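input01.pdb (PDB, C-alpha atoms, pLDDT in the B column) appears below.
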ATOM      1  CA  MET A  17     -66.990  -8.566  18.431  1.00 56.00           C
ATOM      2  CA  GLU A  18     -63.823  -6.634  18.921  1.00 68.00           C
ATOM      3  CA  ARG A  19     -62.774  -4.390  16.189  1.00 71.00           C
ATOM      4  CA  LYS A  20     -59.399  -5.292  14.693  1.00 76.00           C
ATOM      5  CA  ARG A  21     -56.808  -2.662  15.355  1.00 77.00           C
ATOM      6  CA  ARG A  22     -55.523  -1.229  12.139  1.00 79.00           C
ATOM      7  CA  ARG A  23     -51.815  -0.728  11.781  1.00 79.00           C
ATOM      8  CA  LYS A  24     -50.848   2.767  10.883  1.00 80.00           C
ATOM      9  CA  LYS A  25     -49.122   2.805   7.551  1.00 80.00           C
ATOM     10  CA  ARG A  26     -45.860   4.652   7.510  1.00 81.00           C
ATOM     11  CA  LYS A  27     -45.493   6.971   4.609  1.00 79.00           C
ATOM     12  CA  ARG A  28     -42.256   6.425   2.843  1.00 79.00           C
ATOM     13  CA  ARG A  29     -40.620   9.426   1.334  1.00 76.00           C
ATOM     14  CA  LYS A  30     -39.739   8.868  -2.262  1.00 73.00           C
ATOM     15  CA  LYS A  31     -36.166   9.570  -3.073  1.00 71.00           C
ATOM     16  CA  LYS A  32     -35.855  12.039  -5.846  1.00 71.00           C
ATOM     17  CA  ARG A  33     -34.695  10.276  -8.922  1.00 70.00           C
ATOM     18  CA  ILE A  34     -31.331  11.469 -10.096  1.00 68.00           C
ATOM     19  CA  LYS A  35     -31.640  12.568 -13.658  1.00 77.00           C
ATOM     20  CA  GLY A  36     -29.634  10.694 -16.262  1.00 79.00           C
ATOM     21  CA  GLU A  37     -27.136  13.487 -16.776  1.00 83.00           C
ATOM     22  CA  GLU A  38     -26.436  13.828 -13.079  1.00 85.00           C
ATOM     23  CA  ARG A  39     -25.973  10.102 -12.777  1.00 84.00           C
ATOM     24  CA  LYS A  40     -23.462  10.112 -15.612  1.00 87.00           C
ATOM     25  CA  LYS A  41     -21.631  13.006 -13.992  1.00 89.00           C
ATOM     26  CA  LYS A  42     -21.370  11.164 -10.692  1.00 89.00           C
ATOM     27  CA  LYS A  43     -20.070   8.034 -12.423  1.00 91.00           C
ATOM     28  CA  LYS A  44     -17.435  10.058 -14.228  1.00 93.00           C
ATOM     29  CA  GLU A  45     -16.298  11.657 -10.985  1.00 94.00           C
ATOM     30  CA  LYS A  46     -16.067   8.267  -9.303  1.00 94.00           C
ATOM     31  CA  LYS A  47     -13.928   6.886 -12.131  1.00 95.00           C
ATOM     32  CA  LYS A  48     -11.702   9.936 -11.938  1.00 95.00           C
ATOM     33  CA  ARG A  49     -11.221   9.406  -8.198  1.00 94.00           C
ATOM     34  CA  GLU A  50     -10.394   5.735  -8.703  1.00 95.00           C
ATOM     35  CA  ARG A  51      -7.872   6.542 -11.413  1.00 94.00           C
ATOM     36  CA  LYS A  52      -6.223   9.136  -9.176  1.00 94.00           C
ATOM     37  CA  LYS A  53      -5.978   6.589  -6.353  1.00 94.00           C
ATOM     38  CA  LYS A  54      -4.353   3.995  -8.633  1.00 93.00           C
ATOM     39  CA  ARG A  55      -1.889   6.532  -9.988  1.00 92.00           C
ATOM     40  CA  ARG A  56      -0.913   7.602  -6.467  1.00 92.00           C
ATOM     41  CA  LYS A  57      -0.382   3.962  -5.459  1.00 90.00           C
ATOM     42  CA  LYS A  58       1.819   3.277  -8.485  1.00 88.00           C
ATOM     43  CA  ARG A  59       3.896   6.362  -7.800  1.00 88.00           C
ATOM     44  CA  LYS A  60       4.389   5.249  -4.194  1.00 86.00           C
ATOM     45  CA  GLU A  61       5.504   1.768  -5.341  1.00 86.00           C
ATOM     46  CA  LYS A  62       7.980   3.250  -7.797  1.00 81.00           C
ATOM     47  CA  ARG A  63       9.429   5.519  -5.144  1.00 81.00           C
ATOM     48  CA  ARG A  64       9.817   2.594  -2.748  1.00 79.00           C
ATOM     49  CA  ARG A  65      11.498   0.507  -5.437  1.00 77.00           C
ATOM     50  CA  GLY A  66      13.862   3.369  -6.172  1.00 75.00           C
ATOM     51  CA  LYS A  67      14.830   3.610  -2.513  1.00 74.00           C
ATOM     52  CA  LYS A  68      15.589  -0.118  -2.331  1.00 75.00           C
ATOM     53  CA  LYS A  69      17.817   0.148  -5.399  1.00 75.00           C
ATOM     54  CA  GLU A  70      19.703   3.076  -3.890  1.00 77.00           C
ATOM     55  CA  GLU A  71      20.295   1.144  -0.665  1.00 77.00           C
ATOM     56  CA  LYS A  72      21.684  -1.826  -2.612  1.00 75.00           C
ATOM     57  CA  GLU A  73      24.037   0.422  -4.558  1.00 77.00           C
ATOM     58  CA  LYS A  74      25.236   2.077  -1.355  1.00 73.00           C
ATOM     59  CA  LYS A  75      26.039  -1.327   0.115  1.00 70.00           C
ATOM     60  CA  LYS A  76      27.976  -2.257  -3.002  1.00 70.00           C
ATOM     61  CA  ARG A  77      29.969   0.954  -2.771  1.00 70.00           C
ATOM     62  CA  ARG A  78      30.711   0.245   0.872  1.00 65.00           C
ATOM     63  CA  GLY A  79      32.182  -3.087  -0.128  1.00 60.00           C
ATOM     64  CA  GLY A  80      29.381  -5.354   1.048  1.00 58.00           C
ATOM     65  CA  GLY A  81      29.966  -5.116   4.785  1.00 61.00           C
ATOM     66  CA  ILE A  82      33.052  -6.923   6.125  1.00 63.00           C
ATOM     67  CA  SER A  83      35.834  -6.969   3.539  1.00 68.00           C
ATOM     68  CA  GLU A  84      37.572 -10.172   2.503  1.00 74.00           C
ATOM     69  CA  LYS A  85      40.925  -9.142   4.015  1.00 72.00           C
ATOM     70  CA  ARG A  86      39.414  -8.556   7.435  1.00 77.00           C
ATOM     71  CA  ARG A  87      37.619 -11.900   7.241  1.00 77.00           C
ATOM     72  CA  LYS A  88      40.863 -13.727   6.470  1.00 78.00           C
ATOM     73  CA  LYS A  89      42.614 -12.023   9.383  1.00 78.00           C
ATOM     74  CA  LYS A  90      39.864 -13.123  11.744  1.00 76.00           C
ATOM     75  CA  LYS A  91      40.214 -16.706  10.508  1.00 77.00           C
ATOM     76  CA  LYS A  92      43.961 -16.665  11.188  1.00 78.00           C
ATOM     77  CA  LYS A  93      43.412 -15.336  14.715  1.00 76.00           C
ATOM     78  CA  ARG A  94      40.901 -18.094  15.392  1.00 77.00           C
ATOM     79  CA  LYS A  95      43.359 -20.743  14.252  1.00 73.00           C
ATOM     80  CA  LYS A  96      46.075 -19.336  16.532  1.00 70.00           C
ATOM     81  CA  LYS A  97      43.715 -19.446  19.520  1.00 69.00           C
ATOM     82  CA  LYS A  98      42.899 -23.097  18.808  1.00 67.00           C
ATOM     83  CA  LYS A  99      46.612 -24.054  18.739  1.00 66.00           C
ATOM     84  CA  ARG A 100      47.126 -22.567  22.173  1.00 61.00           C
TER      85      ARG A 100
END

Would you kindly transcribe this structure into C-alpha coordinates?
Amino acid sequence: MERKRRRKKRKRRKKKRIKGEERKKKKKEKKKRERKKKRRKKRKEKRRRGKKKEEKEKKKRRGGGISEKRRKKKKKKRKKKKKR
(Lines of atoms letter the chains of each structure in order from A and count residues from 1; the text may use other names and numbers.)
(Lines give C-alpha, C1' and ligand atoms only; values in the text may rest on other atoms or scores of the structure.)
Protein backbone atom coordinates (compact mmCIF):
# COMPACT_ATOMS: atom_id res chain seq x y z
CA MET A 1 0.00 0.00 0.00
CA GLU A 2 1.11 3.46 -0.89
CA ARG A 3 1.94 5.73 1.90
CA LYS A 4 -0.24 8.84 2.03
CA ARG A 5 1.70 11.97 1.34
CA ARG A 6 1.58 14.28 4.29
CA ARG A 7 0.96 17.94 3.65
CA LYS A 8 3.57 20.18 5.10
CA LYS A 9 2.03 22.45 7.66
CA ARG A 10 2.86 26.08 7.21
CA LYS A 11 3.88 27.79 10.37
CA ARG A 12 1.96 30.94 10.89
CA ARG A 13 3.74 33.75 12.57
CA LYS A 14 1.79 35.11 15.47
CA LYS A 15 1.24 38.79 15.33
CA LYS A 16 2.45 40.47 18.43
CA ARG A 17 -0.49 41.56 20.45
CA ILE A 18 -0.66 45.30 20.84
CA LYS A 19 -0.80 46.10 24.49
CA GLY A 20 -3.89 47.85 25.80
CA GLU A 21 -2.18 51.19 26.26
CA GLU A 22 -0.79 51.20 22.74
CA ARG A 23 -4.18 50.31 21.36
CA LYS A 24 -5.77 53.20 23.22
CA LYS A 25 -3.07 55.53 21.94
CA LYS A 26 -3.68 54.48 18.35
CA LYS A 27 -7.44 54.98 18.74
CA LYS A 28 -6.89 58.45 20.14
CA GLU A 29 -4.63 59.37 17.24
CA LYS A 30 -7.19 58.11 14.74
CA LYS A 31 -9.94 60.19 16.34
CA LYS A 32 -7.68 63.22 16.30
CA ARG A 33 -7.02 62.73 12.59
CA GLU A 34 -10.72 62.36 11.85
CA ARG A 35 -11.56 65.50 13.80
CA LYS A 36 -8.87 67.43 11.93
CA LYS A 37 -10.27 66.23 8.60
CA LYS A 38 -13.81 67.32 9.53
CA ARG A 39 -12.61 70.71 10.71
CA ARG A 40 -10.69 71.26 7.46
CA LYS A 41 -13.78 70.32 5.43
CA LYS A 42 -15.99 72.73 7.38
CA ARG A 43 -13.49 75.54 6.94
CA LYS A 44 -13.40 74.89 3.19
CA GLU A 45 -17.22 74.98 3.00
CA LYS A 46 -17.35 78.25 4.91
CA ARG A 47 -14.76 79.81 2.63
CA ARG A 48 -16.69 78.70 -0.45
CA ARG A 49 -19.93 80.09 0.98
CA GLY A 50 -18.19 83.37 1.70
CA LYS A 51 -16.97 83.60 -1.89
CA LYS A 52 -20.48 83.02 -3.25
CA LYS A 53 -21.85 85.78 -1.03
CA GLU A 54 -19.17 88.19 -2.21
CA GLU A 55 -19.97 87.43 -5.85
CA LYS A 56 -23.68 88.11 -5.25
CA GLU A 57 -22.90 91.42 -3.58
CA LYS A 58 -20.62 92.43 -6.44
CA LYS A 59 -23.41 91.73 -8.92
CA LYS A 60 -25.80 93.83 -6.88
CA ARG A 61 -23.33 96.70 -6.84
CA ARG A 62 -22.92 96.40 -10.59
CA GLY A 63 -26.65 96.84 -10.98
CA GLY A 64 -27.59 93.27 -11.82
CA GLY A 65 -26.25 93.13 -15.37
CA ILE A 66 -28.22 95.09 -17.98
CA SER A 67 -29.85 98.16 -16.45
CA GLU A 68 -33.55 98.90 -16.85
CA LYS A 69 -32.95 102.02 -18.97
CA ARG A 70 -30.88 100.13 -21.50
CA ARG A 71 -33.51 97.40 -21.67
CA LYS A 72 -36.25 99.93 -22.40
CA LYS A 73 -34.17 101.52 -25.15
CA LYS A 74 -33.66 98.15 -26.79
CA LYS A 75 -37.41 97.52 -26.69
CA LYS A 76 -38.10 100.84 -28.42
CA LYS A 77 -35.56 100.07 -31.15
CA ARG A 78 -37.18 96.70 -31.75
CA LYS A 79 -40.60 98.30 -32.12
CA LYS A 80 -39.24 100.81 -34.66
CA LYS A 81 -37.72 98.00 -36.73
CA LYS A 82 -41.06 96.17 -36.78
CA LYS A 83 -42.90 99.28 -38.07
CA ARG A 84 -40.51 99.55 -40.99

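The coordinates place atom CA of A:Lys60 at 18.5 Å from atom CA of A:Lys48.
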
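Atom to atom, atom CA of A:Lys40 and atom CA of A:Arg55 stand 22.6 Å apart.
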
Assuming 6 Å of padding per side, give the centre and edge lengths of the axis-aligned box around every listed atom of stretch 36-42 of chain A, in Å to one decimal and as lines of an AutoDock Vina configuration file.
center_x = -25.5
center_y = 12.0
center_z = -13.7
size_x = 20.3
size_y = 15.7
size_z = 18.1

Kindly give the distance, in Å, that separates atom CA of A:Lys76 and atom CA of A:Lys88, rounded to a single decimal. 19.7 Å
